[in-house]
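K.L.:
Input run.cif, format and content: mmCIF, C-alpha atoms.
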data_upload
loop_
_atom_site.label_atom_id
_atom_site.label_comp_id
_atom_site.auth_asym_id
_atom_site.auth_seq_id
_atom_site.Cartn_x
_atom_site.Cartn_y
_atom_site.Cartn_z
CA MET A 224 0.00 0.00 0.00
CA LYS A 225 2.92 2.28 0.70
CA GLN A 226 3.85 2.73 -2.93
CA PHE A 227 0.42 4.29 -3.59
CA PRO A 228 -0.06 7.02 -1.01
CA TRP A 229 -2.76 8.59 -3.19
CA ALA A 230 -4.90 5.43 -3.26
CA THR A 231 -7.10 6.45 -0.34
CA SER A 232 -7.96 9.83 -1.79
CA VAL A 233 -8.73 8.27 -5.17
CA ARG A 234 -11.03 5.76 -3.49
CA ARG A 235 -12.73 8.52 -1.51
CA GLY A 236 -13.17 10.52 -4.69
CA LEU A 237 -14.66 7.56 -6.49
CA ALA A 238 -17.09 6.93 -3.66
CA ALA A 239 -18.17 10.55 -3.82
CA LEU A 240 -18.56 10.26 -7.57
CA PHE A 241 -20.65 7.13 -7.19
CA PHE A 242 -23.02 8.77 -4.74
CA ALA A 243 -23.28 11.86 -6.89
CA VAL A 244 -24.18 9.70 -9.90
CA MET A 245 -26.82 7.93 -7.84
CA ALA A 246 -28.24 11.25 -6.68
CA VAL A 247 -28.48 12.64 -10.22
CA ALA A 248 -30.02 9.42 -11.49
CA LEU A 249 -32.65 9.29 -8.76
CA TRP A 250 -33.51 12.94 -9.11
CA ALA A 251 -35.43 12.38 -12.32
CA PRO A 252 -37.72 15.26 -13.19
CA ILE A 253 -41.26 14.10 -12.39
CA ASP A 254 -43.07 16.83 -14.34
CA SER A 255 -42.79 15.02 -17.65
CA ARG A 256 -45.58 13.81 -19.87
CA ALA A 257 -47.45 10.57 -20.27
CA GLU A 258 -47.62 8.07 -23.05
CA TYR A 259 -48.50 9.25 -26.56
CA GLY A 260 -52.19 8.67 -27.12
CA ASP A 261 -53.27 8.25 -23.51
CA VAL A 262 -56.73 9.79 -23.20
CA VAL A 263 -57.72 11.63 -20.06
CA ILE A 264 -61.49 11.66 -19.62
CA ASN A 265 -62.71 14.19 -17.13
CA ASN A 266 -66.26 14.96 -18.20
CA TYR A 267 -67.81 14.24 -14.83
CA ALA A 268 -65.10 12.73 -12.62
CA ASP A 269 -63.79 15.85 -10.88
CA ALA A 270 -67.29 17.08 -10.13
CA ALA A 271 -68.11 13.69 -8.64
CA GLY A 272 -65.02 13.67 -6.46
CA MET A 273 -63.25 10.95 -8.43
CA ARG A 274 -59.88 11.06 -10.10
CA PRO A 275 -60.21 11.51 -13.88
CA ALA A 276 -60.17 8.29 -15.90
CA ILE A 277 -57.16 7.55 -18.10
CA PHE A 278 -57.52 5.35 -21.16
CA PRO A 279 -54.17 3.93 -22.35
CA HIS A 280 -54.48 3.51 -26.12
CA TRP A 281 -51.21 1.59 -26.35
CA PHE A 282 -52.39 -1.12 -23.98
CA HIS A 283 -55.66 -1.64 -25.78
CA ARG A 284 -54.31 -1.59 -29.33
CA ILE A 285 -52.00 -4.45 -28.51
CA ARG A 286 -55.12 -6.48 -27.74
CA PHE A 287 -57.81 -5.06 -30.02
CA ARG A 288 -57.78 -3.31 -33.38
CA CYS A 289 -59.22 0.20 -33.64
CA LYS A 290 -62.34 -1.17 -35.31
CA VAL A 291 -63.54 -3.08 -32.26
CA CYS A 292 -64.10 0.03 -30.17
CA HIS A 293 -64.44 2.73 -32.80
CA ALA A 294 -66.82 0.88 -35.10
CA ASP A 295 -68.48 -1.91 -33.11
CA LEU A 296 -68.77 -0.16 -29.75
CA GLY A 297 -69.40 3.30 -31.13
CA PHE A 298 -66.58 5.28 -29.56
CA GLN A 299 -66.20 8.60 -31.38
CA PHE A 300 -62.72 9.72 -32.40
CA LYS A 301 -62.80 12.52 -29.85
CA ALA A 302 -61.50 12.74 -26.33
CA GLY A 303 -64.45 13.35 -24.04
CA GLY A 304 -66.85 13.13 -26.98
CA ASN A 305 -68.63 10.01 -25.83
CA GLU A 306 -70.51 11.11 -22.73
CA ILE A 307 -69.46 7.97 -20.91
CA THR A 308 -70.98 7.47 -17.47
CA MET A 309 -70.67 4.65 -14.97
CA LEU A 310 -74.34 3.88 -15.53
CA LYS A 311 -73.69 3.20 -19.23
CA ILE A 312 -70.60 1.15 -18.41
CA ILE A 313 -72.47 -1.03 -15.93
CA ASP A 314 -75.19 -1.32 -18.55
CA GLY A 315 -72.64 -2.87 -20.93
CA GLN A 316 -72.03 0.11 -23.17
CA PHE A 317 -68.64 1.64 -24.06
CA CYS A 318 -65.95 0.33 -21.64
CA GLY A 319 -68.58 -1.96 -20.13
CA ALA A 320 -68.71 -4.07 -23.27
CA CYS A 321 -65.45 -5.67 -22.14
CA HIS A 322 -64.91 -4.43 -18.59
CA ASN A 323 -67.59 -6.72 -17.22
CA GLY A 324 -65.55 -9.37 -15.46
CA GLU A 325 -65.59 -11.65 -18.51
CA ILE A 326 -63.34 -10.17 -21.18
CA ALA A 327 -61.57 -7.77 -18.83
CA TRP A 328 -61.76 -6.91 -15.17
CA SER A 329 -64.99 -5.26 -14.10
CA VAL A 330 -66.01 -1.92 -12.67
CA GLU A 331 -65.23 -2.55 -9.04
CA ASN A 332 -61.57 -1.83 -9.78
CA CYS A 333 -62.30 1.90 -9.67
CA ASP A 334 -58.72 3.03 -9.20
CA LEU A 335 -57.31 1.29 -12.25
CA CYS A 336 -59.18 3.67 -14.58
CA HIS A 337 -59.74 6.57 -12.22
CA SER A 338 -56.02 7.03 -11.77
CA GLY A 339 -55.42 10.52 -13.15
CA LYS A 340 -54.20 13.53 -11.25
CA PRO A 341 -57.22 15.48 -10.01
CA ASN A 342 -58.17 18.44 -12.23
CA THR A 343 -56.38 17.11 -15.29
CA PRO A 344 -58.47 18.34 -18.24
CA THR A 345 -59.92 15.99 -20.86
CA GLN A 346 -57.30 15.49 -23.55
CA VAL A 347 -55.43 13.17 -25.86
CA HIS A 348 -52.06 13.26 -24.25
CA GLU A 349 -49.07 14.40 -26.29
CA SER A 350 -51.25 14.94 -29.36
CA THR A 351 -50.02 17.40 -31.97
CA ILE A 352 -52.89 19.78 -31.37
CA GLN A 353 -52.22 19.75 -27.66
CA LYS A 354 -48.60 20.65 -28.22
CA LEU A 355 -49.44 23.34 -30.77
CA ALA A 356 -52.57 25.00 -29.57
CA ILE A 357 -54.03 24.06 -26.25
CA PRO A 358 -52.02 24.62 -23.10
CA VAL A 359 -52.59 21.77 -20.70
CA GLY A 360 -54.09 23.24 -17.60
CA GLY A 361 -51.20 25.69 -17.37
CA LYS A 362 -48.91 23.19 -15.70
CA LYS A 363 -46.10 21.69 -17.66
CA MET B 141 -1.47 -2.26 -9.38
CA ILE B 142 -3.81 -5.21 -9.02
CA ARG B 143 -5.76 -3.41 -6.33
CA ARG B 144 -6.06 -0.34 -8.45
CA ILE B 145 -7.87 -1.90 -11.39
CA PRO B 146 -11.21 -2.71 -9.71
CA THR B 147 -11.31 0.76 -8.22
CA LEU B 148 -10.81 2.34 -11.58
CA LEU B 149 -13.55 0.16 -13.06
CA LEU B 150 -16.11 1.36 -10.51
CA PRO B 151 -17.42 4.29 -12.56
CA PHE B 152 -18.03 1.95 -15.47
CA PHE B 153 -20.01 -0.42 -13.27
CA ALA B 154 -22.01 2.53 -12.04
CA ALA B 155 -22.62 3.61 -15.62
CA ALA B 156 -23.73 0.14 -16.65
CA LEU B 157 -26.05 -0.13 -13.68
CA LEU B 158 -27.79 3.14 -14.24
CA GLY B 159 -27.75 3.17 -18.01
CA SER B 160 -27.96 6.91 -17.86
CA THR B 161 -25.12 8.46 -19.82
CA PRO B 162 -26.29 12.08 -19.52
CA ALA B 163 -26.23 11.82 -15.76
CA ILE B 164 -22.79 10.24 -15.84
CA ALA B 165 -21.49 12.81 -18.25
CA GLN B 166 -22.88 15.66 -16.21
CA ASP B 167 -21.34 14.25 -13.14
CA ALA B 168 -18.08 13.44 -14.76
CA LYS B 169 -17.76 17.07 -15.67
CA THR B 170 -18.17 18.31 -12.13
CA LYS B 171 -16.03 15.63 -10.62
CA ALA B 172 -13.49 15.29 -13.37
CA ALA B 173 -10.65 15.67 -10.92
CA ALA B 174 -11.77 12.68 -8.93
CA ALA B 175 -11.41 9.93 -11.50
CA ALA B 176 -9.22 9.48 -14.50
CA PRO B 177 -11.45 7.24 -16.66
CA ALA B 178 -14.67 9.18 -16.23
CA PRO B 179 -13.83 12.25 -18.34
CA ALA B 180 -13.60 10.00 -21.38
CA ALA B 181 -17.37 9.66 -21.22
CA ALA B 182 -17.97 13.39 -20.93
CA PRO B 183 -18.08 14.32 -24.64
CA ALA B 184 -20.44 11.42 -25.40
CA ALA B 185 -23.59 13.14 -24.21
CA ALA B 186 -24.53 16.71 -23.49
CA PRO B 187 -24.89 17.59 -19.84
CA ALA B 188 -28.48 18.54 -19.11
CA PRO B 189 -28.95 20.64 -16.03
CA ALA B 190 -32.59 21.64 -15.85
CA GLY B 191 -31.96 25.37 -15.72
CA ASP B 192 -29.56 25.57 -18.66
CA VAL B 193 -31.30 27.58 -21.40
CA ASN B 194 -28.58 26.73 -23.88
CA ARG B 195 -28.95 23.01 -23.44
CA PHE B 196 -28.93 21.04 -26.66
CA ASN B 197 -32.48 20.18 -27.81
CA ARG B 198 -33.93 21.94 -24.82
CA LEU B 199 -37.56 21.26 -25.79
CA LEU B 200 -37.16 17.64 -26.80
CA LYS B 201 -37.78 14.79 -24.48
CA PRO B 202 -34.51 12.98 -23.78
CA ALA B 203 -34.40 9.24 -24.33
CA ASN B 204 -34.60 8.41 -20.64
CA GLN B 205 -37.86 10.37 -20.34
CA ARG B 206 -39.77 8.33 -22.91
CA ASN B 207 -42.34 5.65 -22.11
CA LEU B 208 -42.23 6.34 -18.38
CA PRO B 209 -44.17 4.12 -15.97
CA PRO B 210 -47.60 5.42 -14.86
CA THR B 211 -46.35 6.65 -11.49
CA GLN B 212 -43.96 9.06 -13.21
CA ASP B 213 -45.72 9.94 -16.44
CA GLY B 214 -47.24 13.22 -15.30
CA ILE B 215 -50.96 12.54 -15.76
CA HIS B 216 -51.43 9.56 -13.47
CA ASP B 217 -51.80 10.32 -9.78
CA PRO B 218 -48.82 8.62 -8.12
CA THR B 219 -50.76 8.47 -4.86
CA GLY B 220 -53.67 6.60 -6.44
CA GLU B 221 -54.19 3.09 -5.17
CA GLY B 222 -54.43 1.65 -8.67
CA THR B 223 -51.63 3.57 -10.34
CA SER B 224 -48.83 1.32 -9.21
CA ALA B 225 -50.77 -1.73 -10.42
CA LEU B 226 -50.84 -0.43 -14.00
CA MET B 227 -48.50 -1.86 -16.60
CA PRO B 228 -45.46 0.28 -17.46
CA PRO B 229 -45.55 0.84 -21.24
CA LEU B 230 -41.89 0.05 -21.75
CA SER B 231 -42.39 -3.50 -20.52
CA ALA B 232 -44.85 -4.03 -23.36
CA PHE B 233 -42.79 -2.22 -25.98
CA GLU B 234 -39.59 -4.16 -25.50
CA SER B 235 -40.51 -6.84 -28.02
CA LEU B 236 -42.09 -4.44 -30.54
CA PRO B 237 -40.40 -2.75 -33.52
CA ARG B 238 -39.44 0.83 -32.73
CA SER B 239 -40.08 4.05 -34.61
CA ASN B 240 -38.93 7.64 -34.29
CA ALA B 241 -42.11 9.37 -33.21
CA GLY B 242 -45.23 9.05 -31.14
CA ASN B 243 -44.70 6.46 -28.48
CA ARG B 244 -41.78 5.13 -30.52
CA VAL B 245 -43.48 1.92 -31.55
CA ASN B 246 -43.97 1.06 -35.22
CA TRP B 247 -47.48 -0.29 -34.79
CA VAL B 248 -48.05 -1.20 -38.43
CA LYS B 249 -44.84 -3.19 -38.54
CA ALA B 250 -45.70 -4.82 -35.23
CA LEU B 251 -48.97 -6.01 -36.72
CA GLU B 252 -47.41 -7.12 -40.02
CA ASP B 253 -44.62 -8.99 -38.23
CA LYS B 254 -47.19 -10.56 -35.90
CA ALA B 255 -45.37 -9.16 -32.90
CA ILE B 256 -48.88 -8.35 -31.71
CA ASN B 257 -52.13 -10.05 -32.60
CA PRO B 258 -54.96 -7.69 -31.65
CA ARG B 259 -58.47 -9.04 -32.03
CA TRP B 260 -60.62 -7.87 -34.93
CA ASP B 261 -63.72 -8.85 -32.99
CA ARG B 262 -64.46 -8.23 -29.35
CA LEU B 263 -65.31 -11.87 -28.66
CA ASP B 264 -63.99 -13.96 -31.54
CA PRO B 265 -60.20 -14.33 -31.44
CA ASN B 266 -60.20 -15.86 -34.92
CA ALA B 267 -62.08 -13.15 -36.78
CA ALA B 268 -59.93 -11.62 -39.50
CA PRO B 269 -60.24 -8.22 -41.16
CA VAL B 270 -61.15 -7.78 -44.81
CA VAL B 271 -58.01 -6.04 -46.01
CA MET B 272 -58.35 -3.82 -49.06
CA ASP B 273 -55.13 -3.29 -50.99
CA LEU B 274 -55.73 -0.04 -52.85
CA ASN B 275 -53.34 2.87 -52.95
CA ILE B 276 -54.67 6.37 -53.49
CA VAL B 277 -52.18 8.88 -54.86
CA ARG B 278 -52.86 12.48 -54.00
CA GLU B 279 -50.92 15.01 -56.00
CA VAL B 280 -49.84 17.82 -53.77
CA LYS B 281 -49.04 21.45 -54.51
CA GLY B 282 -45.50 22.59 -53.93
CA SER B 283 -42.34 20.58 -54.10
CA MET B 284 -43.13 17.86 -51.60
CA PRO B 285 -43.49 14.35 -53.02
CA ASP B 286 -47.03 13.23 -53.70
CA VAL B 287 -48.95 11.43 -51.00
CA VAL B 288 -49.60 7.73 -51.33
CA TYR B 289 -52.45 6.62 -49.11
CA PRO B 290 -52.40 2.85 -48.60
CA HIS B 291 -55.77 1.32 -47.78
CA LYS B 292 -54.00 -1.89 -46.85
CA GLN B 293 -52.36 -0.77 -43.62
CA HIS B 294 -55.48 1.15 -42.63
CA THR B 295 -57.97 -1.65 -43.21
CA MET B 296 -55.82 -3.95 -41.10
CA TRP B 297 -56.81 -1.78 -38.13
CA LEU B 298 -60.01 -0.04 -39.10
CA ASP B 299 -63.44 -0.58 -40.58
CA CYS B 300 -64.51 1.31 -43.72
CA SER B 301 -67.18 3.05 -41.68
CA ASN B 302 -64.57 4.59 -39.39
CA CYS B 303 -63.48 6.98 -42.15
CA HIS B 304 -66.18 6.83 -44.83
CA PRO B 305 -68.18 8.91 -45.36
CA ALA B 306 -67.89 11.10 -42.25
CA ILE B 307 -64.19 11.97 -42.46
CA PHE B 308 -63.41 11.20 -46.11
CA ILE B 309 -66.02 11.19 -48.86
CA PRO B 310 -65.29 8.03 -50.88
CA GLN B 311 -65.04 9.86 -54.17
CA LYS B 312 -62.03 11.05 -56.11
CA GLY B 313 -61.44 14.78 -55.79
CA ALA B 314 -64.14 15.28 -53.20
CA ASN B 315 -61.85 15.75 -50.20
CA GLN B 316 -60.00 18.92 -49.49
CA ILE B 317 -57.06 18.03 -47.26
CA SER B 318 -54.40 20.42 -46.00
CA MET B 319 -51.59 20.12 -43.52
CA ALA B 320 -53.29 22.86 -41.53
CA ALA B 321 -56.42 20.75 -41.21
CA ILE B 322 -54.35 17.73 -40.21
CA LEU B 323 -52.49 19.74 -37.57
CA LEU B 324 -55.83 20.87 -36.18
CA GLY B 325 -56.95 17.28 -35.79
CA GLN B 326 -59.16 16.98 -38.87
CA LYS B 327 -58.98 14.55 -41.82
CA CYS B 328 -55.84 12.40 -41.35
CA GLY B 329 -55.26 14.32 -38.11
CA VAL B 330 -58.18 12.55 -36.47
CA CYS B 331 -55.68 9.75 -35.79
CA HIS B 332 -52.30 10.97 -37.04
CA GLY B 333 -50.87 13.15 -34.30
CA LYS B 334 -52.97 11.49 -31.62
CA VAL B 335 -52.48 7.75 -31.74
CA ALA B 336 -50.93 7.13 -35.15
CA PHE B 337 -47.57 8.59 -36.21
CA PRO B 338 -47.57 12.41 -36.21
CA VAL B 339 -46.89 14.83 -39.08
CA SER B 340 -43.23 15.09 -38.21
CA GLU B 341 -42.77 11.88 -40.18
CA CYS B 342 -43.33 13.66 -43.53
CA ARG B 343 -41.97 11.03 -45.86
CA ILE B 344 -44.06 8.12 -44.68
CA CYS B 345 -47.00 9.78 -46.48
CA HIS B 346 -45.20 12.05 -48.93
CA SER B 347 -43.48 9.17 -50.55
CA LYS B 348 -44.04 9.33 -54.31
CA LYS B 349 -41.59 11.34 -56.33
CA LYS B 350 -43.19 13.79 -58.69
CA ASP B 351 -42.77 13.40 -62.41
CA GLY B 352 -41.08 16.36 -63.97
CA PRO B 353 -37.94 18.39 -63.53
CA ILE B 354 -37.85 17.94 -59.77
CA ALA B 355 -37.84 14.19 -59.91
CA ARG B 356 -34.62 12.57 -60.94
CA SER B 357 -36.32 9.49 -62.29
CA ALA B 358 -39.85 8.45 -63.05
CA SER B 359 -41.56 7.31 -59.91
CA SER B 360 -41.34 3.63 -59.30
CA GLN B 361 -43.07 3.65 -55.98
CA GLN B 362 -46.78 3.09 -55.90
#
Mind converting the file's structure to structure tokens?
P.N.:
Amino acid sequence: MKQFPWATSVRRGLAALFFAVMAVALWAPIDSRAEYGDVVINNYADAAGMRPAIFPHWFHRIRFRCKVCHADLGFQFKAGGNEITMLKIIDGQFCGACHNGEIAWSVENCDLCHSGKPNTPTQVHESTIQKLAIPVGGKK
Amino acid sequence: MIRRIPTLLLPFFAAALLGSTPAIAQDAKTKAAAAAPAPAAAPAAAPAPAGDVNRFNRLLKPANQRNLPPTQDGIHDPTGEGTSALMPPLSAFESLPRSNAGNRVNWVKALEDKAINPRWDRLDPNAAPVVMDLNIVREVKGSMPDVVYPHKQHTMWLDCSNCHPAIFIPQKGANQISMAAILLGQKCGVCHGKVAFPVSECRICHSKKKDGPIARSASSQQ
């Protein structure tokens, strides 16, 4: 050890470097944006004291083609344009066509859909028009 | 000397563990005096302190900010009971072909390569779409290549009634389409720029060379 008197300081420096790297890596900015195509639906949720519902397009398009929901189930191509209510879902319309405990998990799993930050406006997340024209609730 | 080697390798282990070169590079810059091997990584990626207005590609999302899990994605409530149970998108995208825009998945290729097998019918897993292979060429003003619209890739996902007649009148010359309309979410923009690839990918649509002095050779692409 004697021939390297600087070894301790190098090791100390490396330890400091390691912790600094960890700190920078863990301090990831949390204010970033969600997945392209995620739809936030907040027609009635906030007013009813629920978190807004978030529909992940990516998850569903892996399992179903666009046609299943947008032609067969009658979903309009417009965020918030479908006037979806829990009553209709329980009645088997819209999300309820699959989220009925048979094709997919049913409505008692409230928090899986109603998982948005409160007061998030209805939107297609990361859409071109959102980036160009409509500021998202002023927080970005 | 033998004792020295593992110590010198430590930063590389740290780099491999974290997989975050910008963070390493940024750190390497501030702590350059501490370690000899680390500065070698510094020029590889631009340091990105949040407050630096001159940061390279300041408004673009860096690679490590794409496809974040629900708890970090900005619209899900991290305190929600269900949020942590949701699937992180990246875990699903790992096996899918990548692209350069949107959520960075080439969905059409994924379907063609059978990397995914989404149902055509809600209940019947064996139902197959009626695919129509018909290309529509739209001659555009200006110097951009003409647009080739392939029915094939669209009918693999969609039903005729999704687009016709509400969005596109099924008649030649009856549809006025502009990039402005698309950017505002009309016509092609009903999907492209929301869930399908956005307009930044010009040449996927504008793909047919014009005949005439601009084009070097007669168009072969259909």
K.L.:
Taking only residues of chain A that have an atom at most 8 Å from an atom of chain B, what is each one's shortest atom pair and its distance in Å to one decimal, using only C-alpha atoms, in chain and number order, as JSON lines?
P.N.:
{"residue": "A:Ala230", "atom": "CA", "partner": "B:Arg144", "partner_atom": "CA", "distance": 7.8}
{"residue": "A:Val233", "atom": "CA", "partner": "B:Ala174", "partner_atom": "CA", "distance": 6.5}
{"residue": "A:Arg234", "atom": "CA", "partner": "B:Thr147", "partner_atom": "CA", "distance": 6.9}
{"residue": "A:Gly236", "atom": "CA", "partner": "B:Ala174", "partner_atom": "CA", "distance": 5.0}
{"residue": "A:Leu237", "atom": "CA", "partner": "B:Ala174", "partner_atom": "CA", "distance": 6.4}
{"residue": "A:Leu240", "atom": "CA", "partner": "B:Lys171", "partner_atom": "CA", "distance": 6.7}
{"residue": "A:Phe241", "atom": "CA", "partner": "B:Ala154", "partner_atom": "CA", "distance": 6.8}
{"residue": "A:Ala243", "atom": "CA", "partner": "B:Asp167", "partner_atom": "CA", "distance": 7.0}
{"residue": "A:Val244", "atom": "CA", "partner": "B:Ile164", "partner_atom": "CA", "distance": 6.1}
{"residue": "A:Val247", "atom": "CA", "partner": "B:Ala163", "partner_atom": "CA", "distance": 6.0}
{"residue": "A:Ala248", "atom": "CA", "partner": "B:Ala163", "partner_atom": "CA", "distance": 6.2}
{"residue": "A:Ile253", "atom": "CA", "partner": "B:Gln212", "partner_atom": "CA", "distance": 5.8}
{"residue": "A:Asp254", "atom": "CA", "partner": "B:Gly214", "partner_atom": "CA", "distance": 5.6}
{"residue": "A:Ser255", "atom": "CA", "partner": "B:Gly214", "partner_atom": "CA", "distance": 5.3}
{"residue": "A:Arg256", "atom": "CA", "partner": "B:Gly214", "partner_atom": "CA", "distance": 4.9}
{"residue": "A:Ala257", "atom": "CA", "partner": "B:Asp213", "partner_atom": "CA", "distance": 4.2}
{"residue": "A:Glu258", "atom": "CA", "partner": "B:Asn207", "partner_atom": "CA", "distance": 5.9}
{"residue": "A:Tyr259", "atom": "CA", "partner": "B:Asn243", "partner_atom": "CA", "distance": 5.1}
{"residue": "A:Gly260", "atom": "CA", "partner": "B:Val335", "partner_atom": "CA", "distance": 4.7}
{"residue": "A:Ile277", "atom": "CA", "partner": "B:His216", "partner_atom": "CA", "distance": 7.6}
{"residue": "A:His280", "atom": "CA", "partner": "B:Val335", "partner_atom": "CA", "distance": 7.3}
{"residue": "A:Trp281", "atom": "CA", "partner": "B:Pro229", "partner_atom": "CA", "distance": 7.7}
{"residue": "A:Phe282", "atom": "CA", "partner": "B:Pro229", "partner_atom": "CA", "distance": 7.6}
{"residue": "A:Arg284", "atom": "CA", "partner": "B:Pro258", "partner_atom": "CA", "distance": 6.6}
{"residue": "A:Ile285", "atom": "CA", "partner": "B:Pro258", "partner_atom": "CA", "distance": 5.4}
{"residue": "A:Arg286", "atom": "CA", "partner": "B:Pro258", "partner_atom": "CA", "distance": 4.1}
{"residue": "A:Phe287", "atom": "CA", "partner": "B:Pro258", "partner_atom": "CA", "distance": 4.2}
{"residue": "A:Arg288", "atom": "CA", "partner": "B:Trp297", "partner_atom": "CA", "distance": 5.1}
{"residue": "A:Cys289", "atom": "CA", "partner": "B:Trp297", "partner_atom": "CA", "distance": 5.5}
{"residue": "A:Lys290", "atom": "CA", "partner": "B:Leu298", "partner_atom": "CA", "distance": 4.6}
{"residue": "A:Val291", "atom": "CA", "partner": "B:Asp261", "partner_atom": "CA", "distance": 5.8}
{"residue": "A:His293", "atom": "CA", "partner": "B:Asn302", "partner_atom": "CA", "distance": 6.8}
{"residue": "A:Ala294", "atom": "CA", "partner": "B:Asn302", "partner_atom": "CA", "distance": 6.1}
{"residue": "A:Phe300", "atom": "CA", "partner": "B:Val330", "partner_atom": "CA", "distance": 6.7}
{"residue": "A:Cys321", "atom": "CA", "partner": "B:Arg262", "partner_atom": "CA", "distance": 7.7}
{"residue": "A:Ile326", "atom": "CA", "partner": "B:Leu263", "partner_atom": "CA", "distance": 7.9}
{"residue": "A:Cys333", "atom": "CA", "partner": "B:Gly222", "partner_atom": "CA", "distance": 7.9}
{"residue": "A:Asp334", "atom": "CA", "partner": "B:Gly222", "partner_atom": "CA", "distance": 4.5}
{"residue": "A:Leu335", "atom": "CA", "partner": "B:Gly222", "partner_atom": "CA", "distance": 4.6}
{"residue": "A:Cys336", "atom": "CA", "partner": "B:Gly222", "partner_atom": "CA", "distance": 7.8}
{"residue": "A:Ser338", "atom": "CA", "partner": "B:His216", "partner_atom": "CA", "distance": 5.5}
{"residue": "A:Gly339", "atom": "CA", "partner": "B:His216", "partner_atom": "CA", "distance": 4.1}
{"residue": "A:Lys340", "atom": "CA", "partner": "B:Asp217", "partner_atom": "CA", "distance": 4.3}
{"residue": "A:Pro341", "atom": "CA", "partner": "B:Asp217", "partner_atom": "CA", "distance": 7.5}
{"residue": "A:Thr343", "atom": "CA", "partner": "B:Ile215", "partner_atom": "CA", "distance": 7.1}
{"residue": "A:Val347", "atom": "CA", "partner": "B:Lys334", "partner_atom": "CA", "distance": 6.5}
{"residue": "A:His348", "atom": "CA", "partner": "B:Lys334", "partner_atom": "CA", "distance": 7.6}
{"residue": "A:Glu349", "atom": "CA", "partner": "B:Lys334", "partner_atom": "CA", "distance": 7.2}
{"residue": "A:Ser350", "atom": "CA", "partner": "B:Lys334", "partner_atom": "CA", "distance": 4.5}
{"residue": "A:Thr351", "atom": "CA", "partner": "B:Gly333", "partner_atom": "CA", "distance": 4.9}
{"residue": "A:Ile352", "atom": "CA", "partner": "B:Leu324", "partner_atom": "CA", "distance": 5.7}
K.L.:
Atom CA of Phe308 of chain B and atom CA of Phe317 of chain A, how far apart in Å?
P.N.:
24.6 Å
K.L.:
Give the answer as one residue: which of B:Arg343, B:Lys348, B:His291, B:Arg278 has the shortest atom-to-atom distance to Asn315 of chain B, using all atoms listed in the file?
P.N.:
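For Asn315 of chain B, the nearest of the candidates is B:Arg278.
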K.L.:
What does the structure give for the distance between atom CA of Ala320 of chain B and atom CA of Pro285 of chain B, in Å to one decimal?
P.N.:
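Those two atoms sit 17.3 Å apart.
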K.L.:
How many Å separate atom CA of Ile276 of chain B from atom CA of Val288 of chain B?
P.N.:
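If I compute the distance from atom CA of Ile276 of chain B to atom CA of Val288 of chain B, I get 5.7 Å.
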K.L.:
Please list as a list in words every residue within 10 Å of Pro344 of chain A, counting all atoms listed in the file and excluding residues in the same chain fewer than 4 positions away.
P.N.:
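Surrounding residues, per the criterion: Val263, Ile264, Asn265, Asn266, Asp269, Pro275, Gly303, Gly339, Lys340, Val359 and Gly360 of chain A; Ile215 of chain B.
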K.L.:
Nearest to Pro290 of chain B: which of B:Arg238, B:Lys327, B:His346, B:Arg198 is it, counting all atoms listed in the file?
P.N.:
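For Pro290 of chain B, the nearest of the candidates is B:His346.
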K.L.:
Box for segment 283-295 of chain B - axis-aligned, 6 Å on each of the six sides, all listed atoms - centre and size in Å to one decimal, as JSON.
P.N.:
{"center_x": -50.2, "center_y": 9.3, "center_z": -48.4, "size_x": 27.6, "size_y": 34.5, "size_z": 23.5}
K.L.:
Give me the residues within 12 Å of Glu306 of chain A as a list of chain:residue names, counting only C-alpha atoms and dropping any in the same chain fewer than 3 places off.
P.N.:
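Selected residues are A:Ile264, A:Asn265, A:Asn266, A:Tyr267, A:Ala268, A:Gly297, A:Phe298, A:Gln299, A:Lys301, A:Ala302, A:Gly303, A:Met309, A:Leu310, A:Lys311, A:Ile312, A:Gln316, A:Phe317, A:Cys318, A:Thr345.
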K.L.:
Considering only C-alpha atoms, state which residue in the set A:His283, A:Thr308, A:Leu296, A:Asp261 is at the smallest distance from Gln346 of chain A.
P.N.:
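Ranked by minimum distance to Gln346 of chain A, first place goes to A:Asp261.
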K.L.:
Export N, CA and C atoms of segment 193-199 of chain B from the structure just given, as an mmCIF file, in the first residue's frame?
P.N.:
data_model
loop_
_atom_site.group_PDB
_atom_site.id
_atom_site.type_symbol
_atom_site.label_atom_id
_atom_site.label_comp_id
_atom_site.auth_asym_id
_atom_site.auth_seq_id
_atom_site.Cartn_x
_atom_site.Cartn_y
_atom_site.Cartn_z
ATOM 1 N N VAL B 193 -30.496 27.192 -20.234
ATOM 2 C CA VAL B 193 -31.299 27.575 -21.400
ATOM 3 C C VAL B 193 -30.600 27.237 -22.701
ATOM 4 N N ASN B 194 -29.306 27.027 -22.649
ATOM 5 C CA ASN B 194 -28.578 26.728 -23.881
ATOM 6 C C ASN B 194 -28.381 25.235 -24.080
ATOM 7 N N ARG B 195 -29.098 24.450 -23.312
ATOM 8 C CA ARG B 195 -28.949 23.007 -23.437
ATOM 9 C C ARG B 195 -29.363 22.549 -24.837
ATOM 10 N N PHE B 196 -28.638 21.594 -25.345
ATOM 11 C CA PHE B 196 -28.927 21.044 -26.665
ATOM 12 C C PHE B 196 -30.318 20.398 -26.680
ATOM 13 N N ASN B 197 -31.126 20.714 -27.700
ATOM 14 C CA ASN B 197 -32.484 20.177 -27.814
ATOM 15 C C ASN B 197 -33.284 20.363 -26.528
ATOM 16 N N ARG B 198 -33.316 21.595 -26.093
ATOM 17 C CA ARG B 198 -33.931 21.940 -24.816
ATOM 18 C C ARG B 198 -35.391 21.487 -24.720
ATOM 19 N N LEU B 199 -36.132 21.551 -25.843
ATOM 20 C CA LEU B 199 -37.562 21.259 -25.794
ATOM 21 C C LEU B 199 -37.888 19.810 -26.139
#
